[in-house]
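Enquirer: I'd like to ask you about the structure that follows.
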Amino acid sequence: MSVMNIVQAINNALDIKLGDDKNIVIYGEDVGVEGGVFRITEGLQAKYGADRVFDSPLAESGIAGTALGMAINGLRPVVEMQFDGFSYPAMDQIFSHIGRYRNRTRGKFTAPLVIRIPYGGGINALEHHSESPEAFFGHAPGIKVVIPSTPYDAKGLLIAAIEDNDPVIYMEPKRIYRAIKQEVPEEKFSIPIGKAKVLSPGEDITVIAYGAMVREVQKAIVTAKSKGISVELIDLRTIWPIDRETIAQSVRKTGRALIVTEAPQSFGAGAELISIITEEAFLHLEAPPTRLTGFDTVIPLPLGEHFYMITPERILYEIEKLVSY
């Protein structure tokens, strides 16, 4: 076991898989020589060579398109979109080709590739650097979408994503890249894609979150507990496929549900989760399933970002409101 933050855990997973499988290549903007803007791939080019870890042109559509070409010809590329908002030019390749390849070829070809995307706000960044586009990718048929919230999960889910025979969007909550340290096994292990995790059991309300919002919910739970409120926290971990069973089982027990996500509200993951709860646990509900999300606006620039971000205080307010409904 070693103590790692999320950056170190992702780097460790990439290191293990590069050594484990000669067909894996890693590339993106500045990921080779510099090790990426967040230093996620630091040291990997020196260890494995510029043929397997290398820099790409500043062309996200080209990064995604060439990854597909490599994947259907036997390689397993792991590519990086430098920031969340930079992924939009690649959406034509992702939606029109990458997600459709298994269906298009009637299963003759698959697209075993991973697209890593640092995502989310809370770092006082410029426009296009703080987006939460997980709902776009989750809506695309043929694409799996994974978001870890801890170093342990970051390593295990990335290894699972690389070994998956279908394309996986692996979204990294950059706000907590170095905020959490945890003991992580040094050896190879994986976590099943599509399986949520109950982080803390509770009886009064189910709170569902993922990415950086898990940490904010955990802060709110401390205060809720002091007020006699028992919160069951579920870390979704996979946006698609969603773990309906874990969600339904929890809400049937607690009768209340709060979804916390920093993405804009309309047509987001929160709406999908509420639909699942309504379908699977309607007769057990004691209060309306509720979303606490970002606003339906572009996330503000640094001076106004704090108005947008979800705080433990806002989470606690919604928990108390639902428990006393």
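We name chains A, B, ... following the order of the structure tokens; residues begin at 1 in each chain, and ligands are numbered from 1 as shown.
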Name the residues in contact with A:Pro167 at a cut-off of 8 Å, using only C-alpha atoms, excluding same-chain residues fewer than 3 positions from it; report them as a ChimeraX atom specification.
Expert: /A:98-99,111-115,142-144,161,164
Enquirer: Neighbours of stretch 79-92 of chain A within 9 Å (only C-alpha atoms; same-chain residues fewer than 5 positions away dropped), as a PDB file with C-alpha atoms, in the first residue's frame?
Expert:
```
ATOM      1  CA  VAL A  25      -0.390   4.426 -26.130  1.00  0.00           C
ATOM      2  CA  ILE A  26      -0.947   7.717 -24.329  1.00  0.00           C
ATOM      3  CA  TYR A  27      -1.131  11.103 -26.007  1.00  0.00           C
ATOM      4  CA  GLY A  28      -2.689  14.552 -25.889  1.00  0.00           C
ATOM      5  CA  GLU A  29      -1.725  18.177 -25.602  1.00  0.00           C
ATOM      6  CA  ASP A  30       1.508  18.448 -23.567  1.00  0.00           C
ATOM      7  CA  VAL A  31       1.143  14.988 -22.006  1.00  0.00           C
ATOM      8  CA  GLY A  36       0.367  17.268 -18.912  1.00  0.00           C
ATOM      9  CA  VAL A  37      -0.858  20.573 -17.542  1.00  0.00           C
ATOM     10  CA  PHE A  38      -1.700  18.844 -14.239  1.00  0.00           C
ATOM     11  CA  ALA A  59      -6.700  19.573 -32.193  1.00  0.00           C
ATOM     12  CA  GLU A  60      -9.189  17.750 -29.989  1.00  0.00           C
ATOM     13  CA  SER A  61     -11.188  16.351 -32.884  1.00  0.00           C
ATOM     14  CA  GLY A  62      -7.967  14.978 -34.294  1.00  0.00           C
ATOM     15  CA  ILE A  63      -6.999  13.455 -30.948  1.00  0.00           C
ATOM     16  CA  ALA A  64     -10.331  11.614 -30.684  1.00  0.00           C
ATOM     17  CA  GLY A  65     -10.450  10.624 -34.361  1.00  0.00           C
ATOM     18  CA  ALA A  67      -7.682   7.326 -31.175  1.00  0.00           C
ATOM     19  CA  HIS A  97     -18.091   7.529 -34.782  1.00  0.00           C
ATOM     20  CA  LEU A 113     -10.125   3.577 -25.991  1.00  0.00           C
ATOM     21  CA  VAL A 114     -10.210   5.936 -23.029  1.00  0.00           C
ATOM     22  CA  ILE A 115     -10.653   9.697 -23.202  1.00  0.00           C
ATOM     23  CA  ARG A 116      -9.447  11.382 -20.008  1.00  0.00           C
ATOM     24  CA  ILE A 117     -11.010  14.762 -19.224  1.00  0.00           C
ATOM     25  CA  PRO A 118     -10.147  16.962 -16.218  1.00  0.00           C
ATOM     26  CA  TYR A 119     -13.508  18.538 -15.399  1.00  0.00           C
ATOM     27  CA  GLY A 120     -15.431  20.795 -13.033  1.00  0.00           C
ATOM     28  CA  GLU A 127     -13.732  30.159 -19.609  1.00  0.00           C
ATOM     29  CA  HIS A 128     -13.819  26.580 -20.991  1.00  0.00           C
ATOM     30  CA  HIS A 129     -11.716  25.387 -18.032  1.00  0.00           C
ATOM     31  CA  SER A 130     -14.467  24.613 -15.482  1.00  0.00           C
ATOM     32  CA  GLU A 131     -17.244  22.820 -17.375  1.00  0.00           C
ATOM     33  CA  SER A 132     -19.202  19.759 -16.222  1.00  0.00           C
ATOM     34  CA  PRO A 133     -20.237  18.073 -19.506  1.00  0.00           C
ATOM     35  CA  PHE A 137     -21.414  12.050 -22.886  1.00  0.00           C
ATOM     36  CA  MET A 171     -13.678  12.359 -16.126  1.00  0.00           C
TER      37      MET A 171
END
```
Enquirer: Name all residues at most 12 Å from A:Gln45 (count only C-alpha atoms; drop same-chain ones fewer than 5 positions away) and give them as a short mmCIF file (atom, residue, chain, number, x, y, z; two decimals) with N, CA and C atoms, in the first residue's frame.
Expert:
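File produced: out-v7.cif:
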```
data_model
loop_
_atom_site.label_atom_id
_atom_site.label_comp_id
_atom_site.auth_asym_id
_atom_site.auth_seq_id
_atom_site.Cartn_x
_atom_site.Cartn_y
_atom_site.Cartn_z
N ASN A 11 -1.61 8.40 -12.35
CA ASN A 11 -0.29 8.15 -12.92
C ASN A 11 0.14 6.71 -12.69
N LEU A 14 -1.77 4.36 -15.05
CA LEU A 14 -1.23 4.45 -16.39
C LEU A 14 0.11 3.74 -16.49
N ASP A 15 0.93 3.90 -15.49
CA ASP A 15 2.25 3.25 -15.43
C ASP A 15 2.09 1.73 -15.47
N LEU A 18 0.78 0.61 -18.99
CA LEU A 18 1.81 0.73 -20.02
C LEU A 18 2.79 -0.44 -19.93
N VAL A 25 -1.10 3.18 -25.85
CA VAL A 25 -0.39 4.43 -26.13
C VAL A 25 -1.13 5.57 -25.44
N ILE A 26 -0.38 6.57 -25.03
CA ILE A 26 -0.95 7.72 -24.33
C ILE A 26 -0.53 8.98 -25.07
N TYR A 27 -1.50 9.85 -25.37
CA TYR A 27 -1.13 11.10 -26.01
C TYR A 27 -2.20 12.16 -25.78
N ASP A 30 0.48 18.28 -24.62
CA ASP A 30 1.51 18.45 -23.57
C ASP A 30 1.65 17.25 -22.63
N VAL A 31 1.07 16.11 -22.95
CA VAL A 31 1.14 14.99 -22.01
C VAL A 31 2.47 14.26 -22.06
N GLY A 32 3.26 14.49 -23.09
CA GLY A 32 4.53 13.78 -23.24
C GLY A 32 5.66 14.39 -22.47
N VAL A 33 6.31 15.38 -23.04
CA VAL A 33 7.49 16.00 -22.43
C VAL A 33 7.16 16.63 -21.09
N GLU A 34 6.07 17.39 -21.02
CA GLU A 34 5.72 18.12 -19.80
C GLU A 34 4.97 17.26 -18.78
N GLY A 35 4.38 16.16 -19.24
CA GLY A 35 3.59 15.34 -18.32
C GLY A 35 2.19 15.87 -18.10
N GLY A 36 1.72 16.73 -19.02
CA GLY A 36 0.37 17.27 -18.91
C GLY A 36 0.31 18.51 -18.07
N ARG A 39 0.30 17.52 -14.68
CA ARG A 39 1.40 16.59 -14.39
C ARG A 39 0.90 15.16 -14.12
N ILE A 40 -0.22 14.80 -14.72
CA ILE A 40 -0.76 13.46 -14.53
C ILE A 40 0.14 12.40 -15.16
N ALA A 50 9.00 7.95 -26.42
CA ALA A 50 8.14 8.88 -27.14
C ALA A 50 7.25 8.21 -28.17
N ASP A 51 7.46 6.92 -28.44
CA ASP A 51 6.56 6.21 -29.34
C ASP A 51 5.26 5.81 -28.66
N ARG A 52 5.28 5.77 -27.32
CA ARG A 52 4.09 5.31 -26.58
C ARG A 52 3.46 6.40 -25.73
N VAL A 53 4.21 7.43 -25.40
CA VAL A 53 3.67 8.57 -24.63
C VAL A 53 4.15 9.83 -25.33
N PHE A 54 3.24 10.57 -25.97
CA PHE A 54 3.71 11.65 -26.82
C PHE A 54 2.71 12.80 -26.87
N ASP A 55 3.20 13.94 -27.33
CA ASP A 55 2.38 15.13 -27.47
C ASP A 55 1.61 15.10 -28.80
#
```
Enquirer: For A:Met4, which of A:Gln182, A:Thr110, A:Ser250, A:Asn73 is the closest residue, counting only C-alpha atoms?
Expert: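 Between A:Gln182, A:Thr110, A:Ser250, A:Asn73, the residue approaching A:Met4 most closely is A:Gln182.
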Enquirer: If you run DSSP on the backbone, which residues of stretch 65-194 of chain A are helix (DSSP H, G or I), as JSON, numbers by chain?
Expert: {"A": [65, 66, 67, 68, 69, 70, 71, 84, 85, 86, 87, 88, 89, 90, 91, 92, 93, 94, 95, 96, 98, 99, 100, 101, 102, 103, 104, 134, 135, 136, 137, 138, 151, 152, 153, 154, 155, 156, 157, 158, 159, 160, 161, 162, 163, 174, 175, 176]}
Enquirer: Dump N, CA and C atoms for the selected residues as a compact mmCIF listing (two decimals), in the first residue's frame?
Expert:
```
# COMPACT_ATOMS: atom_id res chain seq x y z
N GLY A 65 -10.33 11.38 -33.11
CA GLY A 65 -10.45 10.62 -34.36
C GLY A 65 -9.31 9.65 -34.57
N THR A 66 -8.08 10.08 -34.29
CA THR A 66 -6.94 9.17 -34.43
C THR A 66 -6.99 8.07 -33.38
N ALA A 67 -7.53 8.37 -32.20
CA ALA A 67 -7.68 7.33 -31.17
C ALA A 67 -8.60 6.22 -31.67
N LEU A 68 -9.68 6.59 -32.36
CA LEU A 68 -10.58 5.58 -32.92
C LEU A 68 -9.85 4.73 -33.96
N GLY A 69 -9.11 5.38 -34.83
CA GLY A 69 -8.38 4.64 -35.84
C GLY A 69 -7.40 3.65 -35.23
N MET A 70 -6.71 4.08 -34.20
CA MET A 70 -5.79 3.18 -33.50
C MET A 70 -6.53 2.02 -32.85
N ALA A 71 -7.66 2.35 -32.20
CA ALA A 71 -8.39 1.34 -31.43
C ALA A 71 -8.92 0.22 -32.32
N ASP A 84 -12.00 20.27 -19.72
CA ASP A 84 -13.36 19.86 -20.05
C ASP A 84 -13.95 20.62 -21.23
N GLY A 85 -13.84 21.94 -21.22
CA GLY A 85 -14.42 22.76 -22.27
C GLY A 85 -13.72 22.59 -23.60
N PHE A 86 -12.51 22.03 -23.58
CA PHE A 86 -11.79 21.78 -24.84
C PHE A 86 -12.28 20.49 -25.52
N SER A 87 -13.13 19.73 -24.82
CA SER A 87 -13.59 18.46 -25.38
C SER A 87 -14.68 18.66 -26.44
N TYR A 88 -15.30 19.84 -26.47
CA TYR A 88 -16.43 20.03 -27.37
C TYR A 88 -16.08 19.85 -28.85
N PRO A 89 -14.91 20.31 -29.32
CA PRO A 89 -14.58 20.05 -30.73
C PRO A 89 -14.47 18.56 -31.06
N ALA A 90 -14.25 17.72 -30.04
CA ALA A 90 -14.12 16.27 -30.28
C ALA A 90 -15.47 15.56 -30.28
N MET A 91 -16.54 16.28 -29.99
CA MET A 91 -17.83 15.61 -29.84
C MET A 91 -18.33 14.99 -31.13
N ASP A 92 -17.98 15.57 -32.27
CA ASP A 92 -18.40 14.95 -33.53
C ASP A 92 -17.81 13.54 -33.63
N GLN A 93 -16.53 13.40 -33.35
CA GLN A 93 -15.90 12.08 -33.39
C GLN A 93 -16.50 11.14 -32.35
N ILE A 94 -16.74 11.66 -31.14
CA ILE A 94 -17.25 10.82 -30.05
C ILE A 94 -18.67 10.35 -30.34
N PHE A 95 -19.53 11.27 -30.74
CA PHE A 95 -20.94 10.95 -30.97
C PHE A 95 -21.14 10.22 -32.30
N SER A 96 -20.49 10.70 -33.36
CA SER A 96 -20.78 10.19 -34.70
C SER A 96 -20.04 8.91 -35.04
N ILE A 98 -17.04 7.18 -32.58
CA ILE A 98 -16.49 6.34 -31.51
C ILE A 98 -17.57 5.52 -30.82
N GLY A 99 -18.67 6.18 -30.45
CA GLY A 99 -19.73 5.47 -29.74
C GLY A 99 -20.53 4.50 -30.60
N ARG A 100 -20.41 4.63 -31.92
CA ARG A 100 -21.25 3.85 -32.83
C ARG A 100 -20.53 2.65 -33.46
N TYR A 101 -19.23 2.53 -33.20
CA TYR A 101 -18.46 1.60 -34.02
C TYR A 101 -18.85 0.14 -33.82
N ARG A 102 -19.16 -0.23 -32.58
CA ARG A 102 -19.60 -1.62 -32.37
C ARG A 102 -20.90 -1.88 -33.14
N ASN A 103 -21.83 -0.95 -33.06
CA ASN A 103 -23.11 -1.10 -33.76
C ASN A 103 -22.93 -1.02 -35.28
N ARG A 104 -22.11 -0.09 -35.71
CA ARG A 104 -21.92 0.13 -37.15
C ARG A 104 -21.36 -1.10 -37.84
N GLU A 134 -20.66 16.01 -18.26
CA GLU A 134 -20.90 14.56 -18.17
C GLU A 134 -22.23 14.13 -18.78
N ALA A 135 -23.27 15.00 -18.70
CA ALA A 135 -24.57 14.62 -19.25
C ALA A 135 -24.53 14.47 -20.76
N PHE A 136 -23.72 15.29 -21.43
CA PHE A 136 -23.59 15.15 -22.88
C PHE A 136 -23.09 13.75 -23.24
N PHE A 137 -22.03 13.34 -22.57
CA PHE A 137 -21.41 12.05 -22.89
C PHE A 137 -22.30 10.89 -22.45
N GLY A 138 -22.98 11.04 -21.32
CA GLY A 138 -23.86 9.99 -20.85
C GLY A 138 -25.04 9.76 -21.78
N PRO A 151 -8.68 8.64 -4.51
CA PRO A 151 -7.51 8.03 -5.17
C PRO A 151 -7.69 6.54 -5.44
N TYR A 152 -8.26 5.80 -4.49
CA TYR A 152 -8.47 4.36 -4.67
C TYR A 152 -9.34 4.09 -5.89
N ASP A 153 -10.46 4.80 -5.97
CA ASP A 153 -11.36 4.62 -7.10
C ASP A 153 -10.74 5.12 -8.40
N ALA A 154 -9.95 6.19 -8.32
CA ALA A 154 -9.32 6.72 -9.53
C ALA A 154 -8.43 5.67 -10.19
N LYS A 155 -7.67 4.96 -9.39
CA LYS A 155 -6.81 3.92 -9.96
C LYS A 155 -7.63 2.74 -10.46
N GLY A 156 -8.51 2.22 -9.62
CA GLY A 156 -9.27 1.03 -9.98
C GLY A 156 -10.18 1.22 -11.16
N LEU A 157 -10.83 2.38 -11.24
CA LEU A 157 -11.74 2.65 -12.35
C LEU A 157 -10.99 2.92 -13.65
N LEU A 158 -9.81 3.54 -13.56
CA LEU A 158 -9.04 3.80 -14.78
C LEU A 158 -8.52 2.50 -15.37
N ILE A 159 -8.03 1.61 -14.53
CA ILE A 159 -7.58 0.31 -15.04
C ILE A 159 -8.74 -0.44 -15.69
N ALA A 160 -9.91 -0.39 -15.06
CA ALA A 160 -11.10 -1.03 -15.65
C ALA A 160 -11.45 -0.39 -16.99
N ALA A 161 -11.35 0.93 -17.07
CA ALA A 161 -11.69 1.65 -18.30
C ALA A 161 -10.73 1.27 -19.43
N ILE A 162 -9.44 1.20 -19.12
CA ILE A 162 -8.45 0.85 -20.13
C ILE A 162 -8.66 -0.58 -20.63
N GLU A 163 -9.07 -1.47 -19.75
CA GLU A 163 -9.25 -2.88 -20.11
C GLU A 163 -10.61 -3.15 -20.75
N LYS A 174 -10.92 17.84 -11.20
CA LYS A 174 -9.62 18.49 -10.99
C LYS A 174 -9.54 19.27 -9.68
N ARG A 175 -10.69 19.69 -9.17
CA ARG A 175 -10.72 20.45 -7.91
C ARG A 175 -10.12 19.66 -6.75
N ILE A 176 -10.22 18.32 -6.82
CA ILE A 176 -9.71 17.50 -5.71
C ILE A 176 -8.53 16.63 -6.13
```
Enquirer: So that each row is one residue of stretch 241-319 of chain A with an atom at most 9 Å from stretch 205-216 of chain A, can you give its shortest atom pair and the distance in Å to one decimal, using only C-alpha atoms, rows by chain and rising number, as a tab-separated table?
Expert:
```
residue	atom	partner	partner_atom	distance
A:Ile247	CA	A:Ile208	CA	8.1
A:Ser250	CA	A:Thr206	CA	6.5
A:Val251	CA	A:Thr206	CA	6.0
A:Lys253	CA	A:Ile205	CA	8.6
A:Thr254	CA	A:Ile205	CA	5.0
A:Gly255	CA	A:Ile205	CA	6.6
A:Arg256	CA	A:Ile205	CA	4.8
A:Ala257	CA	A:Thr206	CA	4.7
A:Leu258	CA	A:Val207	CA	4.7
A:Ile259	CA	A:Ile208	CA	4.8
A:Val260	CA	A:Ala209	CA	5.0
A:Thr261	CA	A:Ala209	CA	6.2
A:Glu262	CA	A:Met213	CA	7.2
A:Leu273	CA	A:Ile208	CA	8.7
A:Ile310	CA	A:Glu216	CA	7.8
A:Thr311	CA	A:Glu216	CA	6.4
A:Pro312	CA	A:Glu216	CA	5.3
A:Ile315	CA	A:Glu216	CA	8.0
A:Ile319	CA	A:Ile205	CA	7.5
```
Enquirer: Using only C-alpha atoms, can you tell me which of A:Ile234, A:Ile229, A:Ile277, A:Ile191 comes closest to A:Lys321?
Expert: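 Checking each of A:Ile234, A:Ile229, A:Ile277, A:Ile191 against A:Lys321, counting only C-alpha atoms, the winner is A:Ile229.
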Enquirer: Apply DSSP to the backbone of this structure and, from stretch 51-297 of chain A, keep only the residues in strand (DSSP E or B); write these as a PyMOL selection string.
Expert: chain A and resi 53-55+76-80+114-119+144-146+168-173+182-184+197-200+205-209+231-235+238-240+257-264+290-294
Enquirer: In Å, with one decimal, what is the gap from atom CA of A:Gly194 to atom CA of A:Glu245?
Expert: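 Pair atom CA of A:Gly194 / atom CA of A:Glu245 returns 10.5 Å.
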Enquirer: Nearest to A:Val222 among A:Glu313, A:Asp20, A:Glu42, A:Glu279, with distances taken over only C-alpha atoms: which residue is it?
Expert: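 Smallest separation from A:Val222 among the options: A:Glu313.
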Enquirer: Report, in Å with one decimal, the straight-line distance from atom CA of A:Ala125 to atom CA of A:Tyr308.
Expert: 13.3 Å
Enquirer: Which residues, written as a VMD selection string, have at least one atom at most 9 Å from A:Asp296, with only C-alpha atoms counted and residues fewer than 3 positions away on the same chain left out?
Expert: chain A and resid 263 to 266 299
Enquirer: Between atom CA of A:Leu301 and atom CA of A:Arg314, what is the distance, to one decimal in Å?
Expert: 20.8 Å
